[in-house]
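What follows is a single structure, written as structure tokens, with notes after it.
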Amino acid sequence: VPAAFLASTILLMIDNFTYTVFRFGIVNSQGIGRGIYLIIYLVVFYFCFRFFSFLLTLRVRYIRLKVGVLLLIVIGTFFILPFNKLKVESIVQGSTEKLPNIILMSSDGVSASHMSAYGYERQTTPNIDDFKKDSLFVENNFTNSANTVGSYISVLTGKYPTKTRVLYPPDMLRDIDAFEHLPAILKSLNYYNVQLGVKHYVDAYSQGILNGFDEVNGQIAQNDTYIMFSEIGFNTTDSYFLSSCFDRISERLLHIFFMRNMVDSYELVTQNDKSTTNDKNKIENIFSIIDYNKEKPLFIQVHLMGTHGPKFSPGIRVFSANQEQTENRMTDFYDDSILYFDQLFGNLIDGLNSRGILDNTIIVLFSDHGMGSQVNTKTPLIIRFPDREYKGTIVNQAQNLDIAPTILSYLNIEKPEFMEGQSIIEPRFNNEPIISVGTRHGMGIQGIGWMLDENYLSPPFYQFDYINLVHCQNWYRLELEPPYNFTQGEVKYYLNPCSESELLTPSEALAIFKNRLTSDGFDIPSEIFELISTYK
């Protein structure tokens, strides 16, 4: 066993080295290449086995040394395993008679301005156009994160990314945040929770969600190593480290032993032809999950990637017919990717309708951010409730942070204190300033995925490069890297703009930034206070 462990670790180091230097590794090895890696592993294992066999021939003279080693192991266990394992008390209050299925459907980087449902001159969303007629349609909706991980975590937790400190891989929920989220509340109501996302990017186990999902990207919870280590008693950080090591080693061993093909998360995101196929499979998986699980209400979060970019491989070629994609984010190809997303969404609605469960399902259609990680552009938010309840249009601005409170409000469950959004079906819903954050320092690592560039992770703001605010038709931005510039502008296509007297002044916007960062535990540099004083 020690020989196998050491050999596997060495194999992982070799693989990392070849990726770094030659951009080639186990994940993109096929045929004879896999065989070569297998031979390398067996040779390394042989020498490791010989090494440990030699160690076993040595005798320890003093029994006290053996006892000392055992004591160190026992003491180490006391430090590693926290005996005050976090527990979250049930926060479910009120009637739970209505238990509809819930489907959160998002597609990556969809700007509302390119959807015919939002007035775009091209008919890019014919199915969504019909869907919105029986739904609650939000005209002015915005994201809370320019990055996918931060966005979907804010949707599920109802917390700002500055609160959870989750924005971009390898960020993950820690301590109590790992237990405070919508899936945990629904699980207490006997929902069966499934996430169909993308490994590493939209992956509850990678982002540290505990006691939430029963299945994540095809992995059953009780079989997942992250869940296993967490249930043993390791904290979230240690559990993720151990599970990542185990998973990375096992993926490579299964690949070189020709038992299972290794999946490259980086390639899945950067090559949209694979995303297109994967999106279609996710819709089919939804129906398989529904057909198999009929005893419990279902909560399914699905995130599609065909609209991600920067290059697109849409399953439909209407606007880009007979064209070659020579540049990033070409409009015709982007519109076709939205058109294909609309087709898949139409397939979902047809499948639910044919099974007779459309009118017993909450369907939330949204996007993680705008095209190219924009936060100052409108993103879709359309919610169809059972029996077409609450259908109509909301012109007040909303945010993705409002999705979880809205679902709980419909279920007649009081919003927990940790959620910071508001229900858009409550009469008191109003125009709240919408805060978002983002990073510009993601780094693609082939074979692993996009990660934060550690060279830029420095205090006081670490992964956050800017904080943004949308209020009415204006946006405001504070750069969180020196020299801490402040800028502002106007939101395009904002419907029902506010009067001049209602708009925030730069001083008021900066005060909101300061209060948000301070309340979430950031140390504000003196330069920012000086910047604020210049606008007073």
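Letters for chains follow the order of the structure tokens (A, B, ...), residue numbers begin at 1 for each chain, and ligand numbers begin at 1 in the order shown.
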
Env of A:Asn217: 12 Å cut, atoms = only C-alpha atoms, seq-sep filter 6 positions within chain, self excluded. Answer as a PDB file with N, CA and C atoms, in the first residue's frame.
```
ATOM      1  N   ASN A 193     -32.109  16.415  -4.598  1.00  0.00           N
ATOM      2  CA  ASN A 193     -31.392  17.522  -5.227  1.00  0.00           C
ATOM      3  C   ASN A 193     -30.299  17.033  -6.180  1.00  0.00           C
ATOM      4  N   VAL A 194     -30.308  17.575  -7.396  1.00  0.00           N
ATOM      5  CA  VAL A 194     -29.355  17.162  -8.432  1.00  0.00           C
ATOM      6  C   VAL A 194     -28.743  18.400  -9.077  1.00  0.00           C
ATOM      7  N   GLN A 195     -27.451  18.366  -9.291  1.00  0.00           N
ATOM      8  CA  GLN A 195     -26.761  19.432 -10.019  1.00  0.00           C
ATOM      9  C   GLN A 195     -26.164  18.870 -11.301  1.00  0.00           C
ATOM     10  N   LEU A 196     -26.495  19.501 -12.431  1.00  0.00           N
ATOM     11  CA  LEU A 196     -25.931  19.141 -13.730  1.00  0.00           C
ATOM     12  C   LEU A 196     -25.157  20.353 -14.230  1.00  0.00           C
ATOM     13  N   GLY A 197     -23.914  20.418 -13.885  1.00  0.00           N
ATOM     14  CA  GLY A 197     -23.089  21.572 -14.245  1.00  0.00           C
ATOM     15  C   GLY A 197     -21.868  21.164 -15.035  1.00  0.00           C
ATOM     16  N   VAL A 198     -20.722  21.629 -14.583  1.00  0.00           N
ATOM     17  CA  VAL A 198     -19.453  21.309 -15.224  1.00  0.00           C
ATOM     18  C   VAL A 198     -18.441  21.037 -14.121  1.00  0.00           C
ATOM     19  N   LYS A 199     -17.796  19.917 -14.184  1.00  0.00           N
ATOM     20  CA  LYS A 199     -16.816  19.574 -13.168  1.00  0.00           C
ATOM     21  C   LYS A 199     -15.783  20.679 -13.046  1.00  0.00           C
ATOM     22  N   HIS A 200     -15.484  21.044 -11.817  1.00  0.00           N
ATOM     23  CA  HIS A 200     -14.486  22.053 -11.476  1.00  0.00           C
ATOM     24  C   HIS A 200     -15.079  23.452 -11.468  1.00  0.00           C
ATOM     25  N   TYR A 201     -16.008  23.781 -12.361  1.00  0.00           N
ATOM     26  CA  TYR A 201     -16.556  25.141 -12.472  1.00  0.00           C
ATOM     27  C   TYR A 201     -17.912  25.260 -11.781  1.00  0.00           C
ATOM     28  N   VAL A 202     -18.847  24.425 -12.171  1.00  0.00           N
ATOM     29  CA  VAL A 202     -20.171  24.399 -11.542  1.00  0.00           C
ATOM     30  C   VAL A 202     -20.296  23.014 -10.933  1.00  0.00           C
ATOM     31  N   ASP A 203     -19.728  22.881  -9.734  1.00  0.00           N
ATOM     32  CA  ASP A 203     -19.587  21.578  -9.100  1.00  0.00           C
ATOM     33  C   ASP A 203     -19.675  21.782  -7.590  1.00  0.00           C
ATOM     34  N   ALA A 204     -20.799  21.369  -7.011  1.00  0.00           N
ATOM     35  CA  ALA A 204     -21.046  21.627  -5.587  1.00  0.00           C
ATOM     36  C   ALA A 204     -19.957  21.051  -4.699  1.00  0.00           C
ATOM     37  N   TYR A 205     -19.382  19.908  -5.094  1.00  0.00           N
ATOM     38  CA  TYR A 205     -18.346  19.309  -4.271  1.00  0.00           C
ATOM     39  C   TYR A 205     -17.042  20.106  -4.362  1.00  0.00           C
ATOM     40  N   SER A 206     -16.724  20.612  -5.548  1.00  0.00           N
ATOM     41  CA  SER A 206     -15.515  21.423  -5.693  1.00  0.00           C
ATOM     42  C   SER A 206     -15.648  22.755  -4.968  1.00  0.00           C
ATOM     43  N   ASP A 224     -18.938  10.211  -3.057  1.00  0.00           N
ATOM     44  CA  ASP A 224     -17.987  11.280  -3.340  1.00  0.00           C
ATOM     45  C   ASP A 224     -16.968  11.391  -2.208  1.00  0.00           C
ATOM     46  N   ASN A 278     -22.546  18.210 -24.774  1.00  0.00           N
ATOM     47  CA  ASN A 278     -22.774  18.000 -23.356  1.00  0.00           C
ATOM     48  C   ASN A 278     -24.078  18.654 -22.901  1.00  0.00           C
ATOM     49  N   ASN A 281     -26.980  16.457 -23.738  1.00  0.00           N
ATOM     50  CA  ASN A 281     -27.024  15.320 -22.817  1.00  0.00           C
ATOM     51  C   ASN A 281     -27.624  15.709 -21.471  1.00  0.00           C
ATOM     52  N   LYS A 282     -27.363  16.952 -21.032  1.00  0.00           N
ATOM     53  CA  LYS A 282     -27.907  17.398 -19.745  1.00  0.00           C
ATOM     54  C   LYS A 282     -29.430  17.444 -19.780  1.00  0.00           C
ATOM     55  N   ASN A 285     -30.616  14.060 -19.469  1.00  0.00           N
ATOM     56  CA  ASN A 285     -30.417  13.585 -18.096  1.00  0.00           C
ATOM     57  C   ASN A 285     -31.530  14.068 -17.174  1.00  0.00           C
ATOM     58  N   ILE A 286     -32.016  15.292 -17.421  1.00  0.00           N
ATOM     59  CA  ILE A 286     -33.116  15.816 -16.607  1.00  0.00           C
ATOM     60  C   ILE A 286     -34.305  14.873 -16.672  1.00  0.00           C
ATOM     61  N   ILE A 300     -33.538  20.524  -9.360  1.00  0.00           N
ATOM     62  CA  ILE A 300     -32.482  20.282 -10.343  1.00  0.00           C
ATOM     63  C   ILE A 300     -31.885  21.620 -10.761  1.00  0.00           C
ATOM     64  N   GLN A 301     -30.593  21.760 -10.549  1.00  0.00           N
ATOM     65  CA  GLN A 301     -29.882  22.940 -11.049  1.00  0.00           C
ATOM     66  C   GLN A 301     -29.042  22.507 -12.241  1.00  0.00           C
ATOM     67  N   VAL A 302     -29.313  23.111 -13.397  1.00  0.00           N
ATOM     68  CA  VAL A 302     -28.583  22.737 -14.614  1.00  0.00           C
ATOM     69  C   VAL A 302     -27.962  23.987 -15.220  1.00  0.00           C
ATOM     70  N   HIS A 303     -26.692  23.875 -15.594  1.00  0.00           N
ATOM     71  CA  HIS A 303     -25.966  25.002 -16.198  1.00  0.00           C
ATOM     72  C   HIS A 303     -25.389  24.550 -17.533  1.00  0.00           C
TER      73      HIS A 303
END
```

Non-local contacts of A:Tyr484 (7 Å; only C-alpha atoms; under 5 positions in same chain excluded) as a PyMOL selection string: chain A and resi 478-479+528

Writing out the chosen residues with N, CA and C atoms as a PDB file, in the first residue's frame:
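Result written to out.pdb:
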```pdb
ATOM      1  N   LEU A 478     -15.575  50.533  -8.484  1.00  0.00           N
ATOM      2  CA  LEU A 478     -14.367  50.850  -7.731  1.00  0.00           C
ATOM      3  C   LEU A 478     -13.344  49.758  -7.974  1.00  0.00           C
ATOM      4  N   GLU A 479     -12.208  50.140  -8.526  1.00  0.00           N
ATOM      5  CA  GLU A 479     -11.123  49.174  -8.735  1.00  0.00           C
ATOM      6  C   GLU A 479     -10.482  48.857  -7.400  1.00  0.00           C
ATOM      7  N   ILE A 528      -8.445  54.426  -0.348  1.00  0.00           N
ATOM      8  CA  ILE A 528      -9.864  54.412  -0.696  1.00  0.00           C
ATOM      9  C   ILE A 528     -10.625  55.453   0.116  1.00  0.00           C
TER      10      ILE A 528
END
```

With the cut-off set at 7 Å and counting only C-alpha atoms, tabulate each residue of stretch 371-485 of chain A with an atom at most that distance from an atom of stretch 140-155 of chain A, showing the nearest atom pair and its distance in Å to one decimal, ordered by chain and increasing number, as a Markdown table.
```
| residue | atom | partner | partner_atom | distance |
| --- | --- | --- | --- | --- |
| A:Ser373 | CA | A:Ala146 | CA | 4.7 |
| A:Gln374 | CA | A:Ala146 | CA | 5.9 |
| A:Val375 | CA | A:Ala146 | CA | 5.6 |
| A:Thr377 | CA | A:Phe142 | CA | 7.0 |
| A:Lys378 | CA | A:Phe142 | CA | 5.3 |
| A:Thr379 | CA | A:Phe142 | CA | 5.5 |
| A:Pro380 | CA | A:Asn141 | CA | 6.3 |
| A:Leu381 | CA | A:Asn141 | CA | 6.3 |
| A:Val395 | CA | A:Asn140 | CA | 6.2 |
| A:Asn396 | CA | A:Asn140 | CA | 6.6 |
| A:Gln397 | CA | A:Asn140 | CA | 4.6 |
| A:Ala398 | CA | A:Asn141 | CA | 4.6 |
| A:Gln399 | CA | A:Phe142 | CA | 4.8 |
| A:Asn400 | CA | A:Thr143 | CA | 5.4 |
| A:Leu401 | CA | A:Val155 | CA | 5.3 |
| A:Ile403 | CA | A:Val155 | CA | 6.3 |
| A:Ala404 | CA | A:Val155 | CA | 6.4 |
| A:Ile435 | CA | A:Asn144 | CA | 5.9 |
| A:Ser436 | CA | A:Asn144 | CA | 3.9 |
| A:Val437 | CA | A:Ser145 | CA | 5.0 |
| A:Gly438 | CA | A:Ala146 | CA | 4.8 |
```

May I have the residues from that selection written out with N, CA, C and O atoms, as a PDB file, in the first residue's frame?
```
ATOM      1  N   SER A 373     -18.320  37.998 -19.468  1.00  0.00           N
ATOM      2  CA  SER A 373     -18.235  38.274 -18.027  1.00  0.00           C
ATOM      3  C   SER A 373     -18.648  39.698 -17.666  1.00  0.00           C
ATOM      4  O   SER A 373     -18.122  40.292 -16.729  1.00  0.00           O
ATOM      5  N   GLN A 374     -19.607  40.245 -18.401  1.00  0.00           N
ATOM      6  CA  GLN A 374     -20.079  41.587 -18.091  1.00  0.00           C
ATOM      7  C   GLN A 374     -21.042  41.562 -16.905  1.00  0.00           C
ATOM      8  O   GLN A 374     -21.830  40.644 -16.743  1.00  0.00           O
ATOM      9  N   VAL A 375     -20.989  42.622 -16.091  1.00  0.00           N
ATOM     10  CA  VAL A 375     -21.896  42.762 -14.949  1.00  0.00           C
ATOM     11  C   VAL A 375     -22.809  43.976 -15.110  1.00  0.00           C
ATOM     12  O   VAL A 375     -23.800  44.098 -14.384  1.00  0.00           O
ATOM     13  N   THR A 377     -24.534  44.728 -17.797  1.00  0.00           N
ATOM     14  CA  THR A 377     -25.528  44.456 -18.830  1.00  0.00           C
ATOM     15  C   THR A 377     -26.638  43.605 -18.232  1.00  0.00           C
ATOM     16  O   THR A 377     -26.392  42.812 -17.311  1.00  0.00           O
ATOM     17  N   LYS A 378     -27.839  43.756 -18.727  1.00  0.00           N
ATOM     18  CA  LYS A 378     -28.966  42.995 -18.197  1.00  0.00           C
ATOM     19  C   LYS A 378     -28.822  41.512 -18.541  1.00  0.00           C
ATOM     20  O   LYS A 378     -28.382  41.160 -19.634  1.00  0.00           O
ATOM     21  N   THR A 379     -29.207  40.676 -17.601  1.00  0.00           N
ATOM     22  CA  THR A 379     -29.238  39.232 -17.826  1.00  0.00           C
ATOM     23  C   THR A 379     -30.669  38.747 -17.628  1.00  0.00           C
ATOM     24  O   THR A 379     -31.454  39.372 -16.900  1.00  0.00           O
ATOM     25  N   PRO A 380     -31.057  37.644 -18.259  1.00  0.00           N
ATOM     26  CA  PRO A 380     -32.449  37.191 -18.161  1.00  0.00           C
ATOM     27  C   PRO A 380     -32.807  36.671 -16.777  1.00  0.00           C
ATOM     28  O   PRO A 380     -31.970  36.085 -16.086  1.00  0.00           O
ATOM     29  N   LEU A 381     -34.026  36.909 -16.386  1.00  0.00           N
ATOM     30  CA  LEU A 381     -34.623  36.263 -15.218  1.00  0.00           C
ATOM     31  C   LEU A 381     -36.121  36.113 -15.494  1.00  0.00           C
ATOM     32  O   LEU A 381     -36.856  37.097 -15.515  1.00  0.00           O
ATOM     33  N   VAL A 395     -40.718  45.630 -13.602  1.00  0.00           N
ATOM     34  CA  VAL A 395     -39.767  46.601 -14.166  1.00  0.00           C
ATOM     35  C   VAL A 395     -38.739  47.039 -13.137  1.00  0.00           C
ATOM     36  O   VAL A 395     -37.681  47.557 -13.498  1.00  0.00           O
ATOM     37  N   ASN A 396     -39.047  46.860 -11.845  1.00  0.00           N
ATOM     38  CA  ASN A 396     -38.035  47.155 -10.828  1.00  0.00           C
ATOM     39  C   ASN A 396     -36.831  46.255 -11.040  1.00  0.00           C
ATOM     40  O   ASN A 396     -36.965  45.097 -11.436  1.00  0.00           O
ATOM     41  N   GLN A 397     -35.650  46.774 -10.769  1.00  0.00           N
ATOM     42  CA  GLN A 397     -34.457  45.974 -10.994  1.00  0.00           C
ATOM     43  C   GLN A 397     -34.355  44.858  -9.965  1.00  0.00           C
ATOM     44  O   GLN A 397     -34.688  45.020  -8.795  1.00  0.00           O
ATOM     45  N   ALA A 398     -33.918  43.708 -10.439  1.00  0.00           N
ATOM     46  CA  ALA A 398     -33.739  42.532  -9.593  1.00  0.00           C
ATOM     47  C   ALA A 398     -32.323  42.000  -9.806  1.00  0.00           C
ATOM     48  O   ALA A 398     -31.575  42.476 -10.667  1.00  0.00           O
ATOM     49  N   GLN A 399     -31.964  40.999  -9.029  1.00  0.00           N
ATOM     50  CA  GLN A 399     -30.631  40.413  -9.115  1.00  0.00           C
ATOM     51  C   GLN A 399     -30.724  38.914  -8.896  1.00  0.00           C
ATOM     52  O   GLN A 399     -31.709  38.405  -8.344  1.00  0.00           O
ATOM     53  N   ASN A 400     -29.698  38.207  -9.313  1.00  0.00           N
ATOM     54  CA  ASN A 400     -29.688  36.753  -9.128  1.00  0.00           C
ATOM     55  C   ASN A 400     -29.790  36.356  -7.663  1.00  0.00           C
ATOM     56  O   ASN A 400     -30.245  35.262  -7.331  1.00  0.00           O
ATOM     57  N   LEU A 401     -29.356  37.257  -6.782  1.00  0.00           N
ATOM     58  CA  LEU A 401     -29.423  37.011  -5.343  1.00  0.00           C
ATOM     59  C   LEU A 401     -30.868  36.845  -4.865  1.00  0.00           C
ATOM     60  O   LEU A 401     -31.104  36.314  -3.785  1.00  0.00           O
ATOM     61  N   ILE A 403     -33.195  35.029  -6.345  1.00  0.00           N
ATOM     62  CA  ILE A 403     -33.824  33.785  -6.811  1.00  0.00           C
ATOM     63  C   ILE A 403     -34.196  32.870  -5.644  1.00  0.00           C
ATOM     64  O   ILE A 403     -35.335  32.392  -5.552  1.00  0.00           O
ATOM     65  N   ALA A 404     -33.254  32.606  -4.747  1.00  0.00           N
ATOM     66  CA  ALA A 404     -33.531  31.702  -3.621  1.00  0.00           C
ATOM     67  C   ALA A 404     -34.630  32.239  -2.714  1.00  0.00           C
ATOM     68  O   ALA A 404     -35.564  31.489  -2.358  1.00  0.00           O
ATOM     69  N   ILE A 435     -25.014  44.929  -6.084  1.00  0.00           N
ATOM     70  CA  ILE A 435     -23.558  44.866  -5.985  1.00  0.00           C
ATOM     71  C   ILE A 435     -23.056  43.602  -6.665  1.00  0.00           C
ATOM     72  O   ILE A 435     -23.635  42.521  -6.523  1.00  0.00           O
ATOM     73  N   SER A 436     -21.971  43.740  -7.400  1.00  0.00           N
ATOM     74  CA  SER A 436     -21.318  42.587  -8.035  1.00  0.00           C
ATOM     75  C   SER A 436     -19.810  42.755  -7.923  1.00  0.00           C
ATOM     76  O   SER A 436     -19.308  43.855  -7.654  1.00  0.00           O
ATOM     77  N   VAL A 437     -19.101  41.669  -8.122  1.00  0.00           N
ATOM     78  CA  VAL A 437     -17.638  41.683  -8.053  1.00  0.00           C
ATOM     79  C   VAL A 437     -17.076  40.836  -9.195  1.00  0.00           C
ATOM     80  O   VAL A 437     -17.814  40.100  -9.858  1.00  0.00           O
ATOM     81  N   GLY A 438     -15.773  40.931  -9.403  1.00  0.00           N
ATOM     82  CA  GLY A 438     -15.150  40.132 -10.451  1.00  0.00           C
ATOM     83  C   GLY A 438     -13.649  40.101 -10.318  1.00  0.00           C
ATOM     84  O   GLY A 438     -13.048  40.861  -9.548  1.00  0.00           O
TER      85      GLY A 438
END
```

Neighbour list for A:Asn211 as number ranges by chain, cut-off 8 Å, only C-alpha atoms, skip fewer than 6 positions in-chain: A: 179, 183-184, 187

DSSP alpha helix (DSSP H) residues within stretch 178-222 of chain A, as a list in words: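 Everything in stretch 178-222 of chain A that counts as alpha helix (DSSP H) is Leu182, Pro183, Ala184, Ile185, Leu186, Lys187 and Ser188 of chain A.
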
A:Phe131 surroundings by only C-alpha atoms, 12 Å radius, close-in-sequence under 5 positions cut, as a ChimeraX atom specification: /A:117,125-126,136-137,342,345-350,358,363-365,381-385,388,391-392

Residue selection dump (N, CA and C atoms) as an mmCIF file, in the first residue's frame:
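Dumped everything to again_21.cif:
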```
data_model
loop_
_atom_site.group_PDB
_atom_site.id
_atom_site.type_symbol
_atom_site.label_atom_id
_atom_site.label_comp_id
_atom_site.auth_asym_id
_atom_site.auth_seq_id
_atom_site.Cartn_x
_atom_site.Cartn_y
_atom_site.Cartn_z
ATOM 1 N N ALA A 117 -36.800 37.742 -26.574
ATOM 2 C CA ALA A 117 -37.716 37.884 -25.443
ATOM 3 C C ALA A 117 -37.535 39.228 -24.751
ATOM 4 N N THR A 125 -34.887 33.712 -29.518
ATOM 5 C CA THR A 125 -35.464 32.916 -28.424
ATOM 6 C C THR A 125 -36.963 32.678 -28.627
ATOM 7 N N PRO A 126 -37.373 32.044 -29.720
ATOM 8 C CA PRO A 126 -38.818 31.842 -29.961
ATOM 9 C C PRO A 126 -39.506 31.029 -28.870
ATOM 10 N N LEU A 136 -43.396 35.020 -14.740
ATOM 11 C CA LEU A 136 -43.034 36.305 -14.148
ATOM 12 C C LEU A 136 -41.764 36.764 -14.852
ATOM 13 N N PHE A 137 -41.863 37.847 -15.588
ATOM 14 C CA PHE A 137 -40.795 38.305 -16.474
ATOM 15 C C PHE A 137 -40.147 39.544 -15.870
ATOM 16 N N ASP A 342 -32.085 28.149 -26.763
ATOM 17 C CA ASP A 342 -33.546 28.274 -26.775
ATOM 18 C C ASP A 342 -34.205 26.979 -27.234
ATOM 19 N N PHE A 345 -34.055 24.573 -24.417
ATOM 20 C CA PHE A 345 -35.030 24.976 -23.405
ATOM 21 C C PHE A 345 -36.441 24.573 -23.849
ATOM 22 N N GLY A 346 -36.726 24.737 -25.132
ATOM 23 C CA GLY A 346 -38.015 24.295 -25.661
ATOM 24 C C GLY A 346 -38.214 22.801 -25.499
ATOM 25 N N ASN A 347 -37.130 22.036 -25.706
ATOM 26 C CA ASN A 347 -37.202 20.581 -25.498
ATOM 27 C C ASN A 347 -37.544 20.253 -24.046
ATOM 28 N N LEU A 348 -36.965 21.033 -23.124
ATOM 29 C CA LEU A 348 -37.256 20.832 -21.701
ATOM 30 C C LEU A 348 -38.737 21.062 -21.415
ATOM 31 N N ILE A 349 -39.275 22.164 -21.910
ATOM 32 C CA ILE A 349 -40.683 22.481 -21.663
ATOM 33 C C ILE A 349 -41.589 21.410 -22.267
ATOM 34 N N ASP A 350 -41.271 20.972 -23.484
ATOM 35 C CA ASP A 350 -42.078 19.926 -24.133
ATOM 36 C C ASP A 350 -42.041 18.630 -23.329
ATOM 37 N N LEU A 358 -45.598 19.926 -15.977
ATOM 38 C CA LEU A 358 -45.212 21.323 -16.217
ATOM 39 C C LEU A 358 -45.887 22.250 -15.212
ATOM 40 N N ILE A 363 -39.956 26.799 -12.761
ATOM 41 C CA ILE A 363 -38.846 26.848 -13.718
ATOM 42 C C ILE A 363 -38.241 28.246 -13.683
ATOM 43 N N VAL A 364 -36.975 28.322 -13.343
ATOM 44 C CA VAL A 364 -36.269 29.601 -13.277
ATOM 45 C C VAL A 364 -35.232 29.638 -14.382
ATOM 46 N N LEU A 365 -35.386 30.572 -15.301
ATOM 47 C CA LEU A 365 -34.424 30.740 -16.394
ATOM 48 C C LEU A 365 -33.598 31.986 -16.119
ATOM 49 N N LEU A 381 -34.026 36.909 -16.386
ATOM 50 C CA LEU A 381 -34.623 36.263 -15.218
ATOM 51 C C LEU A 381 -36.121 36.113 -15.494
ATOM 52 N N ILE A 382 -36.539 34.887 -15.762
ATOM 53 C CA ILE A 382 -37.926 34.572 -16.068
ATOM 54 C C ILE A 382 -38.317 33.355 -15.228
ATOM 55 N N ILE A 383 -39.402 33.479 -14.458
ATOM 56 C CA ILE A 383 -39.805 32.406 -13.548
ATOM 57 C C ILE A 383 -41.245 31.994 -13.854
ATOM 58 N N ARG A 384 -41.409 30.719 -14.172
ATOM 59 C CA ARG A 384 -42.760 30.175 -14.366
ATOM 60 C C ARG A 384 -43.138 29.374 -13.136
ATOM 61 N N PHE A 385 -44.191 29.801 -12.467
ATOM 62 C CA PHE A 385 -44.684 29.106 -11.285
ATOM 63 C C PHE A 385 -45.796 28.127 -11.689
ATOM 64 N N ARG A 388 -49.280 28.848 -13.633
ATOM 65 C CA ARG A 388 -49.061 30.202 -14.164
ATOM 66 C C ARG A 388 -49.296 31.310 -13.131
ATOM 67 N N LYS A 391 -47.843 35.424 -13.024
ATOM 68 C CA LYS A 391 -47.381 35.813 -14.353
ATOM 69 C C LYS A 391 -47.588 37.316 -14.537
ATOM 70 N N GLY A 392 -46.657 37.928 -15.243
ATOM 71 C CA GLY A 392 -46.682 39.373 -15.442
ATOM 72 C C GLY A 392 -45.275 39.887 -15.637
#
```

Residue nearest A:Ile185 - candidates A:Thr157, A:Thr487, A:Gln219, A:Thr505, atoms counted: only C-alpha atoms: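 Looking at the shortest contact to A:Ile185, the residue is A:Thr157.
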
Picked from stretch 136-180 of chain A by DSSP as strand (DSSP E or B), as a list of chain:residue names: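 The residues of stretch 136-180 of chain A classed as strand (DSSP E or B) are A:Leu136, A:Phe137, A:Val138, A:Asn141, A:Phe142, A:Ser145.
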
Pick from A:Asp214, A:Asp129, A:Asp279, A:Asp453, whichever lies nearest to A:Phe341 using only C-alpha atoms: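 Smallest separation from A:Phe341 among the options: A:Asp279.
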
Option closest in space to A:Ser116, from A:Pro310, A:Phe17, A:Asp335, A:His471 [counting only C-alpha atoms]: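 Closest to A:Ser116 of all the choices is A:Asp335.
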
Which of A:Ile220, A:Leu504, A:Val43, A:Met419 sits closest to A:Thr164 [using only C-alpha atoms]: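 For A:Thr164, the nearest of the candidates is A:Met419.
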
Shortest interatomic distance to A:Leu344 - which of A:Met105, A:Ile425, A:Leu42, A:Ile249, counting only C-alpha atoms: A:Met105
